[in-house]
file run.pdb (PDB, C-alpha atoms, pLDDT in the B column)
ATOM      1  CA  MET A 273      44.085  10.724  -8.590  1.00 50.00           C
ATOM      2  CA  LEU A 274      41.789  13.582  -9.490  1.00 56.00           C
ATOM      3  CA  MET A 275      39.489  13.351 -12.489  1.00 62.00           C
ATOM      4  CA  ASN A 276      39.576  16.084 -15.076  1.00 73.00           C
ATOM      5  CA  GLN A 277      36.457  17.908 -16.286  1.00 73.00           C
ATOM      6  CA  SER A 278      35.970  15.721 -19.378  1.00 71.00           C
ATOM      7  CA  GLU A 279      36.052  12.525 -17.286  1.00 69.00           C
ATOM      8  CA  ILE A 280      33.489  13.977 -14.866  1.00 69.00           C
ATOM      9  CA  LYS A 281      31.213  14.978 -17.772  1.00 74.00           C
ATOM     10  CA  GLU A 282      31.588  11.534 -19.349  1.00 73.00           C
ATOM     11  CA  LYS A 283      30.685   9.772 -16.086  1.00 74.00           C
ATOM     12  CA  LYS A 284      27.656  12.019 -15.669  1.00 75.00           C
ATOM     13  CA  SER A 285      26.611  11.383 -19.267  1.00 76.00           C
ATOM     14  CA  ASN A 286      26.973   7.618 -18.812  1.00 79.00           C
ATOM     15  CA  ARG A 287      24.814   7.744 -15.657  1.00 83.00           C
ATOM     16  CA  GLN A 288      22.126   9.690 -17.526  1.00 85.00           C
ATOM     17  CA  ILE A 289      22.161   7.200 -20.401  1.00 85.00           C
ATOM     18  CA  ASN A 290      21.912   4.302 -17.962  1.00 86.00           C
ATOM     19  CA  GLN A 291      18.974   5.997 -16.209  1.00 87.00           C
ATOM     20  CA  HIS A 292      17.173   6.564 -19.534  1.00 90.00           C
ATOM     21  CA  VAL A 293      17.669   2.920 -20.480  1.00 92.00           C
ATOM     22  CA  LEU A 294      16.327   1.831 -17.075  1.00 92.00           C
ATOM     23  CA  ASP A 295      13.333   4.149 -17.513  1.00 94.00           C
ATOM     24  CA  LEU A 296      12.532   2.542 -20.883  1.00 95.00           C
ATOM     25  CA  VAL A 297      12.854  -0.935 -19.385  1.00 95.00           C
ATOM     26  CA  TYR A 298      10.499  -0.052 -16.501  1.00 95.00           C
ATOM     27  CA  ILE A 299       7.957   1.531 -18.858  1.00 97.00           C
ATOM     28  CA  ALA A 300       8.005  -1.512 -21.141  1.00 97.00           C
ATOM     29  CA  MET A 301       7.861  -3.908 -18.189  1.00 97.00           C
ATOM     30  CA  PHE A 302       4.792  -2.235 -16.714  1.00 97.00           C
ATOM     31  CA  THR A 303       3.136  -2.058 -20.131  1.00 98.00           C
ATOM     32  CA  ALA A 304       3.567  -5.834 -20.257  1.00 98.00           C
ATOM     33  CA  ILE A 305       2.242  -6.212 -16.686  1.00 97.00           C
ATOM     34  CA  ILE A 306      -0.864  -4.165 -17.547  1.00 98.00           C
ATOM     35  CA  THR A 307      -1.354  -6.303 -20.662  1.00 97.00           C
ATOM     36  CA  VAL A 308      -1.182  -9.527 -18.649  1.00 97.00           C
ATOM     37  CA  CYS A 309      -3.529  -8.086 -16.001  1.00 96.00           C
ATOM     38  CA  SER A 310      -5.977  -7.189 -18.788  1.00 95.00           C
ATOM     39  CA  GLN A 311      -6.279 -10.821 -19.808  1.00 94.00           C
ATOM     40  CA  ILE A 312      -7.089 -12.046 -16.302  1.00 92.00           C
ATOM     41  CA  GLN A 313     -10.816 -11.473 -16.406  1.00 87.00           C
ATOM     42  CA  ILE A 314     -14.365 -12.516 -15.719  1.00 82.00           C
ATOM     43  CA  PRO A 315     -16.250 -11.555 -18.890  1.00 75.00           C
ATOM     44  CA  THR A 316     -19.376  -9.396 -18.459  1.00 71.00           C
ATOM     45  CA  GLU A 317     -20.686  -6.264 -20.257  1.00 65.00           C
ATOM     46  CA  VAL A 318     -17.892  -4.342 -18.518  1.00 64.00           C
ATOM     47  CA  PRO A 319     -15.470  -7.197 -17.728  1.00 70.00           C
ATOM     48  CA  PHE A 320     -13.961  -7.807 -14.292  1.00 84.00           C
ATOM     49  CA  THR A 321     -10.212  -7.554 -14.962  1.00 91.00           C
ATOM     50  CA  LEU A 322      -7.010  -6.877 -13.096  1.00 94.00           C
ATOM     51  CA  GLN A 323      -6.186  -3.952 -15.419  1.00 94.00           C
ATOM     52  CA  THR A 324      -6.605  -1.327 -12.734  1.00 95.00           C
ATOM     53  CA  LEU A 325      -4.286  -3.279 -10.430  1.00 97.00           C
ATOM     54  CA  GLY A 326      -1.595  -2.938 -13.112  1.00 97.00           C
ATOM     55  CA  ILE A 327      -2.413   0.748 -13.593  1.00 98.00           C
ATOM     56  CA  PHE A 328      -2.259   1.450  -9.829  1.00 98.00           C
ATOM     57  CA  ALA A 329       1.058  -0.413  -9.581  1.00 97.00           C
ATOM     58  CA  ALA A 330       2.542   1.453 -12.561  1.00 97.00           C
ATOM     59  CA  GLY A 331       1.610   4.848 -11.140  1.00 97.00           C
ATOM     60  CA  GLY A 332       2.516   3.923  -7.582  1.00 96.00           C
ATOM     61  CA  LEU A 333       5.903   2.390  -8.282  1.00 96.00           C
ATOM     62  CA  LEU A 334       7.053   4.297 -11.363  1.00 96.00           C
ATOM     63  CA  GLY A 335       5.650   7.709 -10.502  1.00 96.00           C
ATOM     64  CA  TRP A 336       3.487   9.921 -12.645  1.00 97.00           C
ATOM     65  CA  LYS A 337       5.834  10.298 -15.652  1.00 97.00           C
ATOM     66  CA  ARG A 338       6.961   6.721 -16.226  1.00 97.00           C
ATOM     67  CA  GLY A 339       3.676   5.256 -14.958  1.00 97.00           C
ATOM     68  CA  THR A 340       1.611   7.382 -17.325  1.00 98.00           C
ATOM     69  CA  LEU A 341       3.957   6.596 -20.207  1.00 98.00           C
ATOM     70  CA  SER A 342       3.527   2.867 -19.573  1.00 98.00           C
ATOM     71  CA  VAL A 343      -0.269   3.308 -19.722  1.00 98.00           C
ATOM     72  CA  LEU A 344      -0.023   5.431 -22.880  1.00 98.00           C
ATOM     73  CA  LEU A 345       2.158   2.770 -24.501  1.00 98.00           C
ATOM     74  CA  TYR A 346      -0.379   0.104 -23.517  1.00 98.00           C
ATOM     75  CA  ILE A 347      -3.212   2.126 -25.076  1.00 98.00           C
ATOM     76  CA  LEU A 348      -1.174   2.890 -28.201  1.00 98.00           C
ATOM     77  CA  LEU A 349      -0.430  -0.809 -28.689  1.00 98.00           C
ATOM     78  CA  GLY A 350      -4.127  -1.587 -28.390  1.00 97.00           C
ATOM     79  CA  LEU A 351      -5.063   1.291 -30.652  1.00 97.00           C
ATOM     80  CA  ILE A 352      -2.919  -0.024 -33.508  1.00 96.00           C
ATOM     81  CA  GLY A 353      -4.602  -3.397 -33.211  1.00 96.00           C
ATOM     82  CA  ILE A 354      -2.322  -5.446 -30.979  1.00 97.00           C
ATOM     83  CA  PRO A 355      -4.669  -7.501 -28.760  1.00 97.00           C
ATOM     84  CA  VAL A 356      -3.633  -6.074 -25.385  1.00 97.00           C
ATOM     85  CA  PHE A 357      -7.069  -5.013 -24.138  1.00 95.00           C
ATOM     86  CA  ALA A 358      -9.370  -7.299 -22.124  1.00 90.00           C
ATOM     87  CA  GLY A 359     -10.303 -10.497 -23.914  1.00 89.00           C
ATOM     88  CA  PHE A 360      -7.312 -10.231 -26.278  1.00 93.00           C
ATOM     89  CA  SER A 361      -8.959  -7.370 -28.138  1.00 95.00           C
ATOM     90  CA  GLY A 362      -7.434  -4.351 -29.801  1.00 96.00           C
ATOM     91  CA  GLY A 363      -8.127  -1.606 -32.295  1.00 96.00           C
ATOM     92  CA  ILE A 364      -9.944   1.696 -32.362  1.00 96.00           C
ATOM     93  CA  ALA A 365     -13.325  -0.068 -32.145  1.00 96.00           C
ATOM     94  CA  VAL A 366     -12.564  -1.051 -28.549  1.00 96.00           C
ATOM     95  CA  LEU A 367     -11.864   2.564 -27.600  1.00 94.00           C
ATOM     96  CA  LEU A 368     -15.030   3.697 -29.370  1.00 96.00           C
ATOM     97  CA  GLY A 369     -17.070   0.882 -27.766  1.00 94.00           C
ATOM     98  CA  PRO A 370     -18.867   1.002 -24.425  1.00 92.00           C
ATOM     99  CA  THR A 371     -15.747   0.325 -22.329  1.00 90.00           C
ATOM    100  CA  GLY A 372     -13.449   2.752 -24.150  1.00 96.00           C
ATOM    101  CA  GLY A 373     -13.911   5.467 -21.542  1.00 97.00           C
ATOM    102  CA  TYR A 374     -12.414   3.242 -18.874  1.00 96.00           C
ATOM    103  CA  ILE A 375      -9.345   2.687 -21.015  1.00 97.00           C
ATOM    104  CA  ILE A 376      -8.908   6.447 -21.527  1.00 97.00           C
ATOM    105  CA  GLY A 377      -9.526   6.912 -17.789  1.00 98.00           C
ATOM    106  CA  PHE A 378      -6.499   4.695 -17.105  1.00 98.00           C
ATOM    107  CA  ILE A 379      -4.241   7.554 -18.247  1.00 98.00           C
ATOM    108  CA  PHE A 380      -5.623   9.881 -15.592  1.00 98.00           C
ATOM    109  CA  THR A 381      -5.670   7.129 -12.983  1.00 98.00           C
ATOM    110  CA  ALA A 382      -1.923   6.625 -13.459  1.00 98.00           C
ATOM    111  CA  LEU A 383      -1.413  10.405 -13.304  1.00 98.00           C
ATOM    112  CA  VAL A 384      -3.310  10.734 -10.012  1.00 98.00           C
ATOM    113  CA  VAL A 385      -1.692   7.710  -8.342  1.00 98.00           C
ATOM    114  CA  GLY A 386       1.784   8.542  -9.611  1.00 97.00           C
ATOM    115  CA  PHE A 387       1.611  12.225  -8.741  1.00 98.00           C
ATOM    116  CA  MET A 388       0.411  11.606  -5.189  1.00 97.00           C
ATOM    117  CA  CYS A 389       2.990   8.866  -4.598  1.00 96.00           C
ATOM    118  CA  ASP A 390       5.765  11.077  -6.004  1.00 96.00           C
ATOM    119  CA  LYS A 391       4.792  14.013  -3.795  1.00 96.00           C
ATOM    120  CA  LEU A 392       3.725  12.245  -0.591  1.00 96.00           C
ATOM    121  CA  GLY A 393       5.705   8.992  -0.684  1.00 92.00           C
ATOM    122  CA  ARG A 394       4.560   5.405  -0.954  1.00 93.00           C
ATOM    123  CA  LYS A 395       3.146   5.083   2.530  1.00 94.00           C
ATOM    124  CA  ILE A 396       0.111   2.837   2.907  1.00 95.00           C
ATOM    125  CA  TRP A 397      -2.369   5.703   3.344  1.00 97.00           C
ATOM    126  CA  VAL A 398      -0.968   7.538   0.287  1.00 97.00           C
ATOM    127  CA  VAL A 399      -1.149   4.527  -2.016  1.00 97.00           C
ATOM    128  CA  THR A 400      -4.650   3.690  -0.774  1.00 98.00           C
ATOM    129  CA  LEU A 401      -5.997   7.234  -1.087  1.00 98.00           C
ATOM    130  CA  SER A 402      -4.365   7.855  -4.468  1.00 98.00           C
ATOM    131  CA  SER A 403      -5.724   4.553  -5.816  1.00 98.00           C
ATOM    132  CA  VAL A 404      -9.237   5.392  -4.595  1.00 98.00           C
ATOM    133  CA  LEU A 405      -9.072   8.845  -6.196  1.00 98.00           C
ATOM    134  CA  GLY A 406      -7.595   7.388  -9.387  1.00 98.00           C
ATOM    135  CA  LEU A 407     -10.353   4.803  -9.505  1.00 98.00           C
ATOM    136  CA  LEU A 408     -13.014   7.507  -9.108  1.00 98.00           C
ATOM    137  CA  VAL A 409     -11.495   9.329 -12.082  1.00 98.00           C
ATOM    138  CA  CYS A 410     -11.548   6.108 -14.092  1.00 97.00           C
ATOM    139  CA  TYR A 411     -15.161   5.458 -13.097  1.00 97.00           C
ATOM    140  CA  ALA A 412     -16.113   8.989 -14.174  1.00 97.00           C
ATOM    141  CA  PHE A 413     -14.551   8.627 -17.627  1.00 97.00           C
ATOM    142  CA  GLY A 414     -15.822   5.095 -18.091  1.00 96.00           C
ATOM    143  CA  THR A 415     -19.371   5.625 -16.900  1.00 97.00           C
ATOM    144  CA  GLY A 416     -19.763   8.857 -18.844  1.00 96.00           C
ATOM    145  CA  TRP A 417     -18.548   7.227 -22.047  1.00 97.00           C
ATOM    146  CA  PHE A 418     -20.642   4.100 -21.424  1.00 96.00           C
ATOM    147  CA  MET A 419     -23.771   6.263 -21.107  1.00 96.00           C
ATOM    148  CA  TYR A 420     -22.926   8.173 -24.273  1.00 96.00           C
ATOM    149  CA  VAL A 421     -22.360   5.006 -26.345  1.00 95.00           C
ATOM    150  CA  TYR A 422     -25.284   3.108 -24.843  1.00 93.00           C
ATOM    151  CA  ASN A 423     -27.726   6.013 -25.137  1.00 92.00           C
ATOM    152  CA  SER A 424     -26.849   6.627 -28.793  1.00 91.00           C
ATOM    153  CA  SER A 425     -27.900   3.117 -29.826  1.00 88.00           C
ATOM    154  CA  ASN A 426     -30.457   2.024 -27.201  1.00 86.00           C
ATOM    155  CA  GLU A 427     -33.208   3.444 -25.063  1.00 88.00           C
ATOM    156  CA  PRO A 428     -31.522   6.122 -22.928  1.00 89.00           C
ATOM    157  CA  ILE A 429     -30.445   5.260 -19.404  1.00 93.00           C
ATOM    158  CA  GLY A 430     -29.819   7.649 -16.522  1.00 93.00           C
ATOM    159  CA  LEU A 431     -26.768   8.082 -14.346  1.00 94.00           C
ATOM    160  CA  MET A 432     -28.116   5.858 -11.548  1.00 95.00           C
ATOM    161  CA  THR A 433     -28.745   2.970 -13.960  1.00 95.00           C
ATOM    162  CA  ALA A 434     -25.284   3.400 -15.486  1.00 94.00           C
ATOM    163  CA  LEU A 435     -23.702   3.395 -12.018  1.00 95.00           C
ATOM    164  CA  LEU A 436     -25.660   0.260 -11.072  1.00 94.00           C
ATOM    165  CA  TRP A 437     -24.379  -1.466 -14.210  1.00 92.00           C
ATOM    166  CA  CYS A 438     -20.846  -0.102 -14.449  1.00 91.00           C
ATOM    167  CA  VAL A 439     -19.689   0.742 -10.934  1.00 94.00           C
ATOM    168  CA  VAL A 440     -21.630  -0.923  -8.112  1.00 95.00           C
ATOM    169  CA  PRO A 441     -20.920  -4.553  -9.148  1.00 93.00           C
ATOM    170  CA  TYR A 442     -17.197  -3.815  -9.221  1.00 93.00           C
ATOM    171  CA  LEU A 443     -16.755  -1.978  -5.916  1.00 95.00           C
ATOM    172  CA  LEU A 444     -15.730  -4.968  -3.782  1.00 94.00           C
ATOM    173  CA  PHE A 445     -13.465  -6.351  -6.487  1.00 94.00           C
ATOM    174  CA  ASP A 446     -11.819  -2.947  -6.935  1.00 96.00           C
ATOM    175  CA  ALA A 447     -11.436  -2.538  -3.164  1.00 97.00           C
ATOM    176  CA  ALA A 448      -9.599  -5.876  -3.066  1.00 96.00           C
ATOM    177  CA  LYS A 449      -7.314  -4.728  -5.902  1.00 97.00           C
ATOM    178  CA  ILE A 450      -6.562  -1.495  -4.039  1.00 98.00           C
ATOM    179  CA  ALA A 451      -5.720  -3.452  -0.875  1.00 97.00           C
ATOM    180  CA  CYS A 452      -3.376  -5.748  -2.832  1.00 97.00           C
ATOM    181  CA  VAL A 453      -1.631  -2.951  -4.703  1.00 97.00           C
ATOM    182  CA  THR A 454      -1.253  -0.869  -1.535  1.00 96.00           C
ATOM    183  CA  ILE A 455       0.688  -3.647   0.159  1.00 95.00           C
ATOM    184  CA  LEU A 456       2.619  -4.454  -3.020  1.00 95.00           C
ATOM    185  CA  VAL A 457       3.713  -0.868  -3.725  1.00 95.00           C
ATOM    186  CA  ASN A 458       4.519  -0.142  -0.077  1.00 90.00           C
ATOM    187  CA  ARG A 459       6.659  -3.283   0.270  1.00 91.00           C
ATOM    188  CA  LEU A 460       8.367  -3.081  -3.130  1.00 92.00           C
ATOM    189  CA  ASP A 461       9.262   0.562  -2.564  1.00 89.00           C
ATOM    190  CA  LYS A 462      11.303  -0.499   0.467  1.00 84.00           C
ATOM    191  CA  VAL A 463      13.127  -3.206  -1.466  1.00 84.00           C
ATOM    192  CA  ILE A 464      13.533  -1.814  -4.981  1.00 78.00           C
ATOM    193  CA  GLN A 465      14.507   1.724  -5.794  1.00 73.00           C
ATOM    194  CA  LEU A 466      12.707   2.461  -9.037  1.00 71.00           C
TER
END

call {"tool": "encode", "arguments": {"input": "run.pdb", "output": "structure tokens"}}
result
Amino acid sequence: MLMNQSEIKEKKSNRQINQHVLDLVYIAMFTAIITVCSQIQIPTEVPFTLQTLGIFAAGGLLGWKRGTLSVLLYILLGLIGIPVFAGFSGGIAVLLGPTGGYIIGFIFTALVVGFMCDKLGRKIWVVTLSSVLGLLVCYAFGTGWFMYVYNSSNEPIGLMTALLWCVVPYLLFDAAKIACVTILVNRLDKVIQL
């Protein structure tokens, strides 16, 4: 039996609604994953956390639109005071503090990872390269902001000192996170169609 035009439109509309609901579920789920990853930490001046692993996974699996929205939702929740940031912290003071630039950098990290994975696929080399580039963007935002905040209240430091404090100690840890997320995204992409 052939469907009439109104039945075809209704089926299409129902599929679109279902897709929008799924998109919201994925965005919320990855916001929660990033929040959990934020609490797994080794506290230091700039804490060792698994946040970037969650950010890489959101961008890699969800793509640039949904991945970036999940990061924006995470930041918005923290901004209004919900303790989603590292060490169960939240509020505008965290974003204005020395690590706030890294949090803002997460937005652009998700954009870079998601965009590259959307355009080039979720092959191992794509996920690895996009995560490295996304991390460099995050480092740039974070280190620049750290220098600005630190230099406005202490004796000024130069770029090399800031890199030695904010980037160098984290390189191996971040490389391990990139290796984990590369395998995770590559394998999950073959199993789950997000």

call {"tool": "resolve_selection", "arguments": {"input": "run.pdb", "expression": "the PyMOL selection byres ((chain A and resi 321) around 7)", "output": "count of residues only"}}
result
9

call {"tool": "resolve_selection", "arguments": {"input": "run.pdb", "expression": "the PyMOL selection byres ((chain A and resi 343) around 9)", "output": "number ranges by chain"}}
result
A: 299, 302-303, 306, 327, 330-331, 338-342, 344-348, 378-379, 382

call {"tool": "write_last_selection", "arguments": {"input": "run.pdb", "atoms": "C-alpha atoms", "output": "PDB file, in the frame of the given file"}}
result
ATOM      1  CA  ILE A 299       7.957   1.531 -18.858  1.00 97.00           C
ATOM      2  CA  PHE A 302       4.792  -2.235 -16.714  1.00 97.00           C
ATOM      3  CA  THR A 303       3.136  -2.058 -20.131  1.00 98.00           C
ATOM      4  CA  ILE A 306      -0.864  -4.165 -17.547  1.00 98.00           C
ATOM      5  CA  ILE A 327      -2.413   0.748 -13.593  1.00 98.00           C
ATOM      6  CA  ALA A 330       2.542   1.453 -12.561  1.00 97.00           C
ATOM      7  CA  GLY A 331       1.610   4.848 -11.140  1.00 97.00           C
ATOM      8  CA  ARG A 338       6.961   6.721 -16.226  1.00 97.00           C
ATOM      9  CA  GLY A 339       3.676   5.256 -14.958  1.00 97.00           C
ATOM     10  CA  THR A 340       1.611   7.382 -17.325  1.00 98.00           C
ATOM     11  CA  LEU A 341       3.957   6.596 -20.207  1.00 98.00           C
ATOM     12  CA  SER A 342       3.527   2.867 -19.573  1.00 98.00           C
ATOM     13  CA  LEU A 344      -0.023   5.431 -22.880  1.00 98.00           C
ATOM     14  CA  LEU A 345       2.158   2.770 -24.501  1.00 98.00           C
ATOM     15  CA  TYR A 346      -0.379   0.104 -23.517  1.00 98.00           C
ATOM     16  CA  ILE A 347      -3.212   2.126 -25.076  1.00 98.00           C
ATOM     17  CA  LEU A 348      -1.174   2.890 -28.201  1.00 98.00           C
ATOM     18  CA  PHE A 378      -6.499   4.695 -17.105  1.00 98.00           C
ATOM     19  CA  ILE A 379      -4.241   7.554 -18.247  1.00 98.00           C
ATOM     20  CA  ALA A 382      -1.923   6.625 -13.459  1.00 98.00           C
TER      21      ALA A 382
END

call {"tool": "closest_residue", "arguments": {"input": "run.pdb", "among": "A:Glu427, A:Leu408, A:Leu325, A:Asn286", "to": "Ala448 of chain A", "atoms": "only C-alpha atoms"}}
result
A:Leu325

call {"tool": "atom_distance", "arguments": {"input": "run.pdb", "atom1": "atom CA of Gly359 of chain A", "atom2": "atom CA of Ile376 of chain A"}}
result
17.2 Å

call {"tool": "residues_around", "arguments": {"input": "run.pdb", "residues": "Ser403 of chain A", "least_positions_apart": "3", "cutoff": "9 Å", "atoms": "only C-alpha atoms", "output": "VMD selection string"}}
result
chain A and resid 328 332 381 to 382 384 to 385 398 to 400 406 to 408 450 453 to 454

call {"tool": "axis_aligned_box", "arguments": {"input": "run.pdb", "around": "segment 280-287 of chain A", "padding_each_side": "4 Å", "output": "JSON"}}
result
{"center_x": 29.2, "center_y": 11.3, "center_z": -17.1, "size_x": 16.7, "size_y": 15.4, "size_z": 12.5}

call {"tool": "atom_distance", "arguments": {"input": "run.pdb", "atom1": "atom CA of Leu334 of chain A", "atom2": "atom CA of Ile455 of chain A"}}
result
15.4 Å

call {"tool": "atom_distance", "arguments": {"input": "run.pdb", "atom1": "atom CA of Gly369 of chain A", "atom2": "atom CA of Pro315 of chain A"}}
result
15.3 Å

call {"tool": "residues_around", "arguments": {"input": "run.pdb", "residues": "Gly430 of chain A", "least_positions_apart": "4", "cutoff": "12 Å", "atoms": "all atoms listed in the file", "output": "PyMOL selection string"}}
result
chain A and resi 415-416+418-420+422-423+434-437

call {"tool": "closest_residue", "arguments": {"input": "run.pdb", "among": "A:Asn290, A:Val440, A:Ile305, A:Gln465", "to": "Gly326 of chain A", "atoms": "only C-alpha atoms"}}
result
A:Ile305

call {"tool": "resolve_selection", "arguments": {"input": "run.pdb", "expression": "the PyMOL selection byres ((chain A and resi 395) around 12)", "output": "PyMOL selection string"}}
result
chain A and resi 332-333+388-394+396-402+453-462

call {"tool": "build_atoms", "arguments": {"input": "run.pdb", "residues": "segment 391-407 of chain A", "atoms": "N, CA and C atoms", "output": "CSV table (one decimal), in the coordinates of the input"}}
result
chain,number,residue,atom,x,y,z
A,391,LYS,N,4.8,12.9,-4.7
A,391,LYS,CA,4.8,14.0,-3.8
A,391,LYS,C,4.7,13.6,-2.3
A,392,LEU,N,4.0,12.6,-2.0
A,392,LEU,CA,3.7,12.2,-0.6
A,392,LEU,C,4.4,11.0,-0.1
A,393,GLY,N,5.0,10.2,-1.0
A,393,GLY,CA,5.7,9.0,-0.7
A,393,GLY,C,4.8,7.8,-0.9
A,394,ARG,N,5.3,6.6,-0.7
A,394,ARG,CA,4.6,5.4,-1.0
A,394,ARG,C,4.1,4.7,0.3
A,395,LYS,N,3.7,5.6,1.3
A,395,LYS,CA,3.1,5.1,2.5
A,395,LYS,C,1.8,4.4,2.2
A,396,ILE,N,1.4,3.6,3.1
A,396,ILE,CA,0.1,2.8,2.9
A,396,ILE,C,-1.1,3.8,2.7
A,397,TRP,N,-1.2,4.8,3.5
A,397,TRP,CA,-2.4,5.7,3.3
A,397,TRP,C,-2.3,6.5,2.0
A,398,VAL,N,-1.1,6.8,1.6
A,398,VAL,CA,-1.0,7.5,0.3
A,398,VAL,C,-1.4,6.7,-0.9
A,399,VAL,N,-0.8,5.4,-0.9
A,399,VAL,CA,-1.1,4.5,-2.0
A,399,VAL,C,-2.6,4.2,-2.0
A,400,THR,N,-3.2,4.0,-0.8
A,400,THR,CA,-4.6,3.7,-0.8
A,400,THR,C,-5.5,4.9,-1.3
A,401,LEU,N,-5.2,6.1,-0.7
A,401,LEU,CA,-6.0,7.2,-1.1
A,401,LEU,C,-5.8,7.6,-2.6
A,402,SER,N,-4.6,7.5,-3.1
A,402,SER,CA,-4.4,7.9,-4.5
A,402,SER,C,-5.0,6.8,-5.4
A,403,SER,N,-5.0,5.6,-5.0
A,403,SER,CA,-5.7,4.6,-5.8
A,403,SER,C,-7.2,4.8,-5.8
A,404,VAL,N,-7.8,5.1,-4.7
A,404,VAL,CA,-9.2,5.4,-4.6
A,404,VAL,C,-9.6,6.6,-5.5
A,405,LEU,N,-8.8,7.7,-5.4
A,405,LEU,CA,-9.1,8.8,-6.2
A,405,LEU,C,-8.9,8.5,-7.7
A,406,GLY,N,-7.8,7.8,-8.0
A,406,GLY,CA,-7.6,7.4,-9.4
A,406,GLY,C,-8.7,6.5,-9.9
A,407,LEU,N,-9.2,5.7,-9.1
A,407,LEU,CA,-10.4,4.8,-9.5
A,407,LEU,C,-11.6,5.6,-9.7
